[in-house]
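Presented below is the structure to which this report refers.
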Amino acid sequence: MLRGALRFRAKPGLLGRGLNTRKGGSTLDWAGKVPEIKKKIQSFLPGGDWNPLYDTSHLPPERTDVVIVGGGVLGLSVAYWLKRLEKQRGAIQVLVVERDHTYSRASTGLSVGGIRQQFSLPENIQLSLFSVDFLRNINDYLAVVDNPPLDLQFNPSGYLLLASEKSAAMMENNVKVQRQEGAKVCLMSPEQLQNKFPWINTEGVALASYGLEGEGWFDPWCLLQGLQRKIQSMGVVFCRGEVTRFVSSSSHMETMSGEEVTLKRIHEVHVKMDHSLEYQPVECAIVINAAGAWSGQIAELAGIGRGPPGTLQGTKLPVEPRKRYVYLWHCPQGPGLETPLVADSSGAYFRREGLGNNYLGGCSPTEEEEPDPGNLEVDHDFFQDKVWPHLAQRVPAFENLKVRSAWAGYYDYNTFDQNGVVGPHPLVVNMYFATGFSGHGLQQAPAVGRAVAELVLEGHFQTINLSSFLFSRFYLGEKVKEHNIF
Amino acid sequence: PRVGHKRIQYLHLVAPLWNGGTRGIRGMSSAVAPEGNQSKWGKLLQFLADRFYDVEALREYLFQKQVSKIHQKNRSFTYIKERYGPYVAGAYFILKQGGAVKFQGKEWIRSSGRGHYSLEFLNFQATPVEAVDASGCAINYQGLDNLLALKELQSLQLQRCPHVDDWCLSRLYQLADSLQELSLAGCPRISERGLACLHHLQKLRRLDISDLPAVSSPGLTRILVEEMLPNCEVLGAEWTEGLKLGPEKQSRGTASPIPA
Ligand SMILES: Cc1cc2nc3c(=O)[nH]c(=O)nc-3n(C[C@H](O)[C@H](O)[C@H](O)COP(=O)(O)OP(=O)(O)OC[C@H]3O[C@@H](n4cnc5c(N)ncnc54)[C@H](O)[C@@H]3O)c2cc1C
């Protein structure tokens with residue numbers, strides 16, 4: 001513990017103060033060990049009800065090294081990699097704060113669980129390649145002694161993207177990049193498509209790209225619970241509560257061009273406990289903003305975006321909740337076991353769900369059609385008017401189908417360029433982002449968590465260079481455009 | 001005062017657990033120190049904690065070792081591949097794993113019970129391997145590379161392979177131009193999700209998917225596989241099998257996050 005703290009002290013630029021005070025440098029810290037031992041003994045005793053998976057009732061500690069806001073898949077992945085990459089066991093203390101232990105509104109559990117490498121940006125392709133490798137070896141990465149292996153339920157059925165004449169050239173280009181990065185994707189002509197999937201109507205399709213390996217869908221809950229189980233075994237504290245306030249100090253500086261800037265550092269995070277008006281202040285050195293669709297609010301809490309427009313101070317984190325519907329339907333004559341996830345040129349997508357001729361899918365609305373994100377109610381007319389016509393046009397069998405159920409979830413939507421935001425804020429120097437993945441955050445979480453942990457621990461990206469996903473692009477107006485978003 | 005209040009609450013929370021813990025220990029061993037002796041208690045607890053910590057660490061280490069053993073078994077023999085080409089390298093890999101191979105126009109080569117086999121096949125560099133029997137072998141995703149390089153492979157037996165899973169099946173499309181016979185019978189980790197990838201293998205004439213415990217509805221799955229591969233004879237469960245589980249069970253898919 002002592003050596004770990006010293007090591008950090010040697011790098012004041014990164015973790016700064018907060019670590020120095022903890023533990024008072026004593027290795028024989030008996031009092032600090034009591035809760036840990038108590039927990040262990042409880043769990044080994046017959047009838048002991050300590051269960052690492054469901055016990056989230058901890059009060060937060062008064063001090064910790066890293067506070068992660070949001071216990072969704074991104075927050076947990078950052079926690080996992082921080083512990084996995086720490087130089088010495090127990091060197092850093094990590095606290096995850098999650099306000100809703102049922103995850104009723106969290107994007108992770110409401111997603112459709114897809115993973116693909118068919119992106120246009122090399123960064124996104126690399127993130128997904130790393131993640132699919134993680135998922136394939138999930139029982140090595142997330143193994144916990146005495147716990148059963150995880151059943152990810154991965155369906156390696158691939159993504160099939162369809163392009164119209166207008167977008168065919170871009171598709172060809174994208175596939176070139178994907179192959180260069182090592183993804184196994186093939187191009188198909190309409191004839192080849194017709195042969196392989198006779199249930200598709202190829203009218204209006206000029207080109208198709210089809211993922212042969214490493215693409216498909218899986219159970220997001222399994223990944224979430226696997227991470228939860230693992231990080232608790234690694235000593236991460238998981239606490240139920242809401243982050244309501246940051247206490248920070250600021251220092252004024254002048255840039256080389258003579259501009260006055262205010263640098264801020266968060267010292268304390270206030271965590272409001274469930275069913276209580278009380279809050280617990282937690283002293284910390286680093287805050288990770290992994291609050292998904294709500295990360296814009298968390299950034300605002302830290303004062304980000306509160307400044308004159310056009311300045312760095314006044315630049316908001318452009319992440320907001322956008323409601324997306326998923327419909328589940330039954331179609332007795334629908335496509336068979338070979339069905340991949342099909343993304344039509346119209347924007348509608350669907351995939352098989354289980355074996356009983358059930359399918360699920362949806363379509364992102366246009367900017368004008370964006371529904372009110374105030375609640376998670378489903379608009380069934382949206383299916384009738386905006387989704388079904390495209391589906392039935394592409395797969396004639398879908399003319400006869402019966403919608404069985406539907407749900408809505410929030411995209412952690414980055415309104416600026418629909419790509420992730422990773423790394424520290426330039427002014428609130430100890431707030432790091434892991435958010436804004438706008439509909440592909442689940443599949444990239446394993447890799448993004450690692451990238452953020454590398455930044456925190458080493459100060460730079462090591463595995464995948466994500467510098468184009470830094471916050472500063474919002475201020476500089478540099479969009480990183482991803483063409484394959486649906 | 002605010003923080004103070006929290007502390008009190010915290011102590012409150014700890015107290016009952018603490019008592020529960022001590023009671024439990026007293027039950028385990030009656031020869032512990034008299035009540036109130038903090039330092040002896042401390043020692044015992046310290047001992048237990050250290051002990052458990054060690055055992056956990058040891059078991060994790062053993063687990064990691066097991067994993068790396070399987071990885072070790074599945075590494076490719078780069079040298080052999082460079083020197084003798086993919087056929088010999090593939091054959092060598094399979095024989096080493098305890099399986100059998102058949103080069104075109106030759107007899108089956110099997111490793112004997114003690115892992116011995118004739119090295120004659122080193123001369124077959126230009127002869128494609130047409131059949132592989134890797135039943136019961138420890139082959140996994142990584143080791144599959146050796147088989148996927150056998151571009152003329154017509155028959156592949158992977159019965160009861162403990163590490164062949166859905167991820168492996170998703171790579172078999174690379175043999176689509178040649179593969180005619182495939183047996184996956186008895187593989188404990190193969191599910192309908194992996195079987196769905198076999199639609200790439202349109203040359204397949206015979207497929208054995210019997211006795212796959214991870215398939216949720218074997219009967220229905222077999223029908224769907226038959227529909228997907230119309231020119232292939234599919235051996236496996238009768239259609240009634242698994243249906244008795246009721247329709248609910250089979251639609252237990254990956255996405256049922258509808259909030260209750
Ligand atoms: C319909 C739909 C389909 C999708 N399909 C896919 C897909 O196929 N593939 C893919 O990769 N991605 C998909 N996504 C996107 C994916 O779900 C998200 O990108 C990803 O889950 C984001 O993870 P997260 O951890 O950031 O967010 P979340 O899972 O939302 O977690 C954020 C957590 O932060 C908590 N929180 C917020 N504010 C506070 C606070 N103040 N204090 C404490 N806790 C707080 C919330 O309670 C929440 O649990 C889909 C999303 C939707 C809605």
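Residue numbers start at 1 in each chain; chains themselves are named A, B, ... in the order of the structure tokens; ligands are numbered from 1 in the order shown.
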
(request) Residues up to 6 Å from ligand 1, counting only C-alpha atoms and all ligand atoms: could you list those as a ChimeraX atom specification? (result) /A:69-75,97-100,103,106-108,110-115,241-244,290-294,324-326,408-412,435,437-443

Could the residues of chain A that have an atom at most 7 Å from chain B be listed as a tab-separated table, each with its closest atom pair and the distance in Å to one decimal, counting only C-alpha atoms and ordered by chain and ascending residue number?
```
residue	atom	partner	partner_atom	distance
A:Ile37	CA	B:Ala49	CA	5.7
A:Lys38	CA	B:Trp18	CA	6.7
A:Ile41	CA	B:Gly21	CA	6.6
A:Gln42	CA	B:Gly21	CA	6.0
A:Leu45	CA	B:Gly24	CA	6.9
A:Ser104	CA	B:Pro259	CA	6.5
A:Gly109	CA	B:Pro257	CA	5.9
A:Leu110	CA	B:Pro257	CA	5.6
A:Val112	CA	B:Ala255	CA	6.2
A:Val145	CA	B:Glu60	CA	6.3
A:Gln153	CA	B:Thr254	CA	6.6
A:Asn155	CA	B:Arg193	CA	4.9
A:Pro156	CA	B:Ser170	CA	6.1
A:Ser157	CA	B:Cys197	CA	6.2
A:Glu213	CA	B:Ser170	CA	6.3
A:Phe218	CA	B:Thr254	CA	5.9
A:Asp219	CA	B:Thr254	CA	4.6
A:Gly336	CA	B:Met228	CA	6.9
A:Leu337	CA	B:Ala196	CA	5.4
A:Glu338	CA	B:Ala196	CA	5.4
A:Glu353	CA	B:Gly253	CA	6.1
A:Gly354	CA	B:Gly253	CA	4.9
A:Leu355	CA	B:Ser251	CA	6.3
A:Gly356	CA	B:Ser251	CA	6.3
A:Trp407	CA	B:Ile258	CA	5.8
```

(message) Quick one: residues within 12 Å of Lys386 of chain A, only C-alpha atoms, excluding same-chain residues fewer than 3 positions away - as JSON, numbers by chain?
(response) {"A": [325, 346, 347, 348, 349, 361, 362, 363, 364, 365, 366, 369, 379, 380, 381, 382, 383, 389, 390, 391, 392, 393]}

(message) To one decimal place in Å, what is the distance between atom CA of Asp274 of chain A and atom CA of Pro373 of chain A?
(response)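 It comes out at 23.9 Å.
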
(message) Residues near Gln117 of chain A, anyone? I mean within 7 Å using only C-alpha atoms, not counting same-chain ones fewer than 3 positions away, as a ChimeraX atom specification.
(response) /A:125,128-129,178,183,215

Selection export as a PDB file, in the first residue's frame, atoms kept: C-alpha atoms:
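Generated file (result-v4.pdb):
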```pdb
ATOM      1  CA  ILE A 125     -12.774  -0.588 -35.884  1.00  0.00           C
ATOM      2  CA  SER A 128     -14.405  -3.276 -31.668  1.00  0.00           C
ATOM      3  CA  LEU A 129     -11.657  -5.683 -32.642  1.00  0.00           C
ATOM      4  CA  GLN A 178     -11.885  -2.436 -42.135  1.00  0.00           C
ATOM      5  CA  ALA A 183     -11.601  -7.209 -39.769  1.00  0.00           C
ATOM      6  CA  GLU A 215     -19.690  -9.764 -35.438  1.00  0.00           C
TER       7      GLU A 215
END
```

(message) Using DSSP secondary structure from the backbone, list all strand (DSSP E or B) positions within segment 120-297 of chain A, as a ChimeraX atom specification.
(response) /A:155,159-163,185-188,207-211,216-217,237-254,260-273,279-283,286-289

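In this model, the gap between atom CA of Lys73 of chain B and atom CA of Gln142 of chain B comes to 9.7 Å.
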
(message) Using only C-alpha atoms, can you tell me which of A:Ala206, A:Val67, A:Leu223, A:Ala451 comes closest to Asn137 of chain A?
(response)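 Residue with the minimum atom-to-atom distance to Asn137 of chain A: A:Leu223.
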
(request) Using atom CA of Cys331 of chain A and atom CA of Leu162 of chain A as the two end points, give the distance in Å to one decimal. (result)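 Atom-to-atom, atom CA of Cys331 of chain A to atom CA of Leu162 of chain A, that is 21.7 Å.
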
(message) Restricting the calculation to only C-alpha atoms: of A:Gln93, A:Asn430, A:Gln228, A:Thr315, which residue gets closest to Phe471 of chain A?
(response) A:Thr315

(request) Considering only C-alpha atoms, state which residue in the set A:Pro149, A:Gly459, A:Pro426, A:Gly334 is at the smallest distance from Lys264 of chain A. (result)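 Distance minimum relative to Lys264 of chain A lands on A:Pro426.
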
(message) Report as a ChimeraX atom specification all protein, DNA and RNA residues lying within 12 Å of Leu235 of chain B, evaluated on only C-alpha atoms, omitting residues in the same chain fewer than 5 positions from it.
(response) /B:181-185,205-212,218-219,221-223,225-226
